[in-house]
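> Below: one structure in structure tokens.
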Amino acid sequence: MSKRTLRQLIKSFKRHDIRALSELMTFVENDAQESYKILSELYPKTPHAWRIGITGPPGAGKSTLVEKLAREFVNNNYSVGIICVDPTSPFSGGAILGDRIRMTSLFLEPKVFIRSMATRGSLGGVASSTKALCDLLDAFKKDIIIIETIGVGQVELDIANIAYTTVVVLVPEAGDEVQTLKAGLMEIADIFVVNKSDRVGADKLAKEINAMLEMQNFVRQPRVIKTIATDGVGVSELYSEILAHKKYLEDTKEIHVRHRERIQNDIKELVLRHISDKIWHNKKISKLFETSVEKILSGKETPYKASTRIIKLFNNQK
Ligand SMILES: Nc1nc2c(ncn2[C@@H]2O[C@H](COP(=O)(O)OP(=O)(O)O)[C@@H](O)[C@H]2O)c(=O)[nH]1
Ligand SMILES: [Mg+2]
């Protein structure tokens, strides 16, 4: 894309053109260099949007809940951006399509913008792409950003680093819940949702979670909310609790700590990516890399020695 067109897109974005937002998002996801240009201009200097992470196992009802929750925010006059991340189905695209169908009623809502992230081929990784998309939605002056992501599995996105309020969604039939909680969800949840409360075991699960929470020493203990996402039951309670958590972070100034950490992480990540790009796009280094691999395979070298030599070569080239 020529410079001028990118300029024009950014200009249209600033005039609140939704198609420009959409096109810029595609660039941010697919092209590291354009992404750098776009975000150095549009990075939200004063954060505006409240970022909410909705996470939990597949099939827990996250998408159904996000749809209802977004509607609740819209009814209360907030504008909403939604990002669906599904790292477990990078090739089928099936889940993404499913989410689209589930949220069709929201597509007609002018105050809502929905984006399904193509997790394959996102250059800087899922986490940094998701962050960049959040920054764009923030710069677009969305009041609320909801990020739906899968909270168990190997390609788990570290949602708590991106969201200010993290909601963990569990369901009664999800087997050994205590086990799931041990797998890290306990640490990141600001709010627990027991969805599918129309099914047996919901009360028991809610009690189990509460019992586990009480054993820890929280400054502010996460609340456990029972919902039936398909019927919208408990959604307004969840909405209120999210706002209560937001108010808590603001009142205690904890939000400033989070903003500071986010800025620190952003800088570190960009520096790392920049250096790493420089290293791997260097022809001499690529050559040394290839010969090192051969040497290691034939037992003449180790990755440790090879990495030292590569860094040395990089430093000498500057
Ligand atoms: N019985 C019941 N089914 C639900 C509830 N919420 C969602 N579902 C169903 O659970 C299935 C998975 O929902 P989905 O929102 O796609 O889950 P996700 O994978 O976590 O996004 C769908 O068939 C929903 O209709 C609920 O509260 N009760
Ligand atoms: Mg989903």
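By convention here, the chains of the structure tokens are called A, B, ... in the order presented, each chain's residues are numbered starting at 1, and ligands are numbered starting at 1 in the order presented.
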Tell me, as a PyMOL selection string, which residues lie within 10 Å of Gln317 in chain A, counting only C-alpha atoms; anything in the same chain fewer than 2 positions away does not count.
chain A and resi 282+284-285+311-315
> Leaving out range 12-26 of chain A and any residue of its chain fewer than 4 positions from it, which residues lie within 9 Å of it when counting only C-alpha atoms, given as a list in words?
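Contacts, in chain order: Leu6, Arg7, Gln8, Asn30, Asp31, Glu34, Ser35, Ile38, Leu42, Phe113, Arg115, Ala132, Leu133, Leu136, Leu137, Ala139, Phe140 and Lys141 of chain A.
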> Ligand 1: which residues are within 6 Å, counting only C-alpha atoms and all ligand atoms, as a PyMOL selection string?
chain A and resi 58-64+195-198+228-230
> When distances are computed from only C-alpha atoms and all ligand atoms, which of A:Asn77, A:Lys226, A:Glu109, A:Leu65 shows the smallest separation from ligand 2?
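Smallest separation from ligand 2 among the options: A:Leu65.
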> Please report, as a list in words, each residue of range 95-286 of chain A to which DSSP assigns strand (DSSP E or B) when run on this structure's backbone.
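Those in range 95-286 of chain A that DSSP calls strand (DSSP E or B) are Val112, Phe113, Ile114, Arg115, Ser116, Met117, Ile144, Ile145, Ile146, Ile147, Glu148, Thr149, Ile150, Thr165, Thr166, Val167, Val168, Val169, Leu170, Ile191, Phe192, Val193, Val194, Arg223, Val224, Ile225, Lys226, Ile228 and Val233 of chain A.
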> I'd like to know which of A:Asp231, A:Glu67, A:Asp190, A:Glu41 is closest to ligand 2, using only C-alpha atoms and all ligand atoms.
A:Glu67
> Might you pull out every residue within 7 Å of Tyr78 in chain A, with only C-alpha atoms counted and same-chain residues fewer than 5 positions away left off, and present them as a list in words?
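Final neighbour list, sorted by chain and number: Phe73, Asp143 and Ile144 of chain A.
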> How would the residues just chosen look if you wrote them out with N, CA and C atoms as a compact mmCIF listing (two decimals), in the first residue's frame?

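Saved as selection-v3.txt:
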# COMPACT_ATOMS: atom_id res chain seq x y z
N PHE A 73 -24.43 -3.29 27.77
CA PHE A 73 -23.63 -2.07 27.74
C PHE A 73 -24.24 -1.06 26.77
N ASP A 143 -16.04 2.80 24.27
CA ASP A 143 -16.05 2.91 25.74
C ASP A 143 -15.63 1.59 26.38
N ILE A 144 -16.06 0.51 25.73
CA ILE A 144 -15.86 -0.82 26.30
C ILE A 144 -15.24 -1.72 25.24
> For a test of reading the model, state the distance in Å between CA of Pro172 in chain A and CA of Pro57 in chain A, rounded to one decimal.
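Separating CA of Pro172 in chain A from CA of Pro57 in chain A is a distance of 11.8 Å.
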> Looking at A:Ile54, A:Ile275, A:Leu108, A:Val193, which one is nearest to ligand 2, with distances taken over only C-alpha atoms and all ligand atoms?
A:Ile54
> Extract, using only C-alpha atoms, all DNA, RNA and protein residues at most 10 Å from Trp50 in chain A, discarding same-chain residues fewer than 5 positions from it, and format them as a list in words.
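Listed by chain and then number, they are Val80, Cys134, Asp138, Lys142, Asp143, Ile144, Ile145, Ile146, Ala163, Tyr164, Thr165, Ile242, Leu243 and Lys246 of chain A.
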> Using N, CA and C atoms, can you export the residues from the last selection as a PDB file, in the first residue's frame?

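Here's the written file part.pdb:
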ATOM      1  N   VAL A  80     -19.314  -0.288  22.145  1.00  0.00           N
ATOM      2  CA  VAL A  80     -18.604  -1.529  22.470  1.00  0.00           C
ATOM      3  C   VAL A  80     -17.801  -2.054  21.276  1.00  0.00           C
ATOM      4  N   CYS A 134      -6.820  -3.802  20.380  1.00  0.00           N
ATOM      5  CA  CYS A 134      -7.419  -3.066  21.506  1.00  0.00           C
ATOM      6  C   CYS A 134      -7.036  -1.591  21.445  1.00  0.00           C
ATOM      7  N   ASP A 138      -9.553   1.471  21.147  1.00  0.00           N
ATOM      8  CA  ASP A 138      -9.459   2.521  22.158  1.00  0.00           C
ATOM      9  C   ASP A 138      -9.323   3.887  21.487  1.00  0.00           C
ATOM     10  N   LYS A 142     -13.989   3.721  21.550  1.00  0.00           N
ATOM     11  CA  LYS A 142     -14.959   2.775  22.094  1.00  0.00           C
ATOM     12  C   LYS A 142     -14.890   2.881  23.614  1.00  0.00           C
ATOM     13  N   ASP A 143     -16.041   2.799  24.271  1.00  0.00           N
ATOM     14  CA  ASP A 143     -16.051   2.906  25.738  1.00  0.00           C
ATOM     15  C   ASP A 143     -15.631   1.587  26.378  1.00  0.00           C
ATOM     16  N   ILE A 144     -16.059   0.510  25.732  1.00  0.00           N
ATOM     17  CA  ILE A 144     -15.862  -0.821  26.299  1.00  0.00           C
ATOM     18  C   ILE A 144     -15.239  -1.724  25.237  1.00  0.00           C
ATOM     19  N   ILE A 145     -14.227  -2.484  25.635  1.00  0.00           N
ATOM     20  CA  ILE A 145     -13.693  -3.505  24.724  1.00  0.00           C
ATOM     21  C   ILE A 145     -13.839  -4.860  25.406  1.00  0.00           C
ATOM     22  N   ILE A 146     -14.499  -5.791  24.727  1.00  0.00           N
ATOM     23  CA  ILE A 146     -14.642  -7.141  25.276  1.00  0.00           C
ATOM     24  C   ILE A 146     -13.789  -8.091  24.439  1.00  0.00           C
ATOM     25  N   ALA A 163      -6.458  -7.276  29.718  1.00  0.00           N
ATOM     26  CA  ALA A 163      -7.726  -6.757  30.247  1.00  0.00           C
ATOM     27  C   ALA A 163      -7.535  -6.105  31.615  1.00  0.00           C
ATOM     28  N   TYR A 164      -8.414  -5.185  31.945  1.00  0.00           N
ATOM     29  CA  TYR A 164      -8.423  -4.606  33.292  1.00  0.00           C
ATOM     30  C   TYR A 164      -9.340  -5.435  34.201  1.00  0.00           C
ATOM     31  N   THR A 165     -10.406  -5.948  33.604  1.00  0.00           N
ATOM     32  CA  THR A 165     -11.302  -6.832  34.348  1.00  0.00           C
ATOM     33  C   THR A 165     -11.341  -8.175  33.629  1.00  0.00           C
ATOM     34  N   ILE A 242     -18.910  -5.772  36.831  1.00  0.00           N
ATOM     35  CA  ILE A 242     -17.776  -5.283  36.025  1.00  0.00           C
ATOM     36  C   ILE A 242     -17.549  -3.797  36.318  1.00  0.00           C
ATOM     37  N   LEU A 243     -18.638  -3.036  36.352  1.00  0.00           N
ATOM     38  CA  LEU A 243     -18.510  -1.602  36.640  1.00  0.00           C
ATOM     39  C   LEU A 243     -18.025  -1.368  38.072  1.00  0.00           C
ATOM     40  N   LYS A 246     -14.369  -1.948  38.034  1.00  0.00           N
ATOM     41  CA  LYS A 246     -13.737  -0.786  37.385  1.00  0.00           C
ATOM     42  C   LYS A 246     -13.599   0.352  38.392  1.00  0.00           C
TER      43      LYS A 246
END
> Quick one: residues within 12 Å of Ile263 in chain A, only C-alpha atoms counted, chain neighbours fewer than 6 positions away excluded, as a list in words?
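Here the qualifying residues turn out to be Tyr43, Pro44, Lys45, Thr46, Pro47, Lys131, Asp135, Asn161, Ile162, His256, Val257, Glu269 and Leu270 of chain A.
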> Restricting the calculation to only C-alpha atoms and all ligand atoms, which member of A:Ile296, A:Ala202, A:Val169, A:Val112 is positioned closest to ligand 2?
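Among A:Ile296, A:Ala202, A:Val169, A:Val112, it is A:Val169 that comes nearest to ligand 2.
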> Find the residue from A:Ala160, A:Ala70, A:Glu173, A:Val219 that sits nearest to Leu205 in chain A; use only C-alpha atoms when measuring.
A:Glu173
> Record the distance separating CA of Thr130 in chain A and CA of Asn75 in chain A, expressed in Å with one decimal.
25.9 Å
> Smallest atom-to-atom distance to ligand 2: which of A:Ala127, A:Ile114, A:Leu69, A:Ile150, using only C-alpha atoms and all ligand atoms?
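With only C-alpha atoms and all ligand atoms as the atom set, the closest residue is A:Ile150.
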> Write out as a list in words each polymer residue whose atoms come within 7 Å of Ile147 in chain A, counting only C-alpha atoms; drop sequence neighbours fewer than 5 positions from it.
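Counting only the stated atoms, we get Ile52, Gly53, Ile54, Ile82, Ile83 and Cys84 of chain A.
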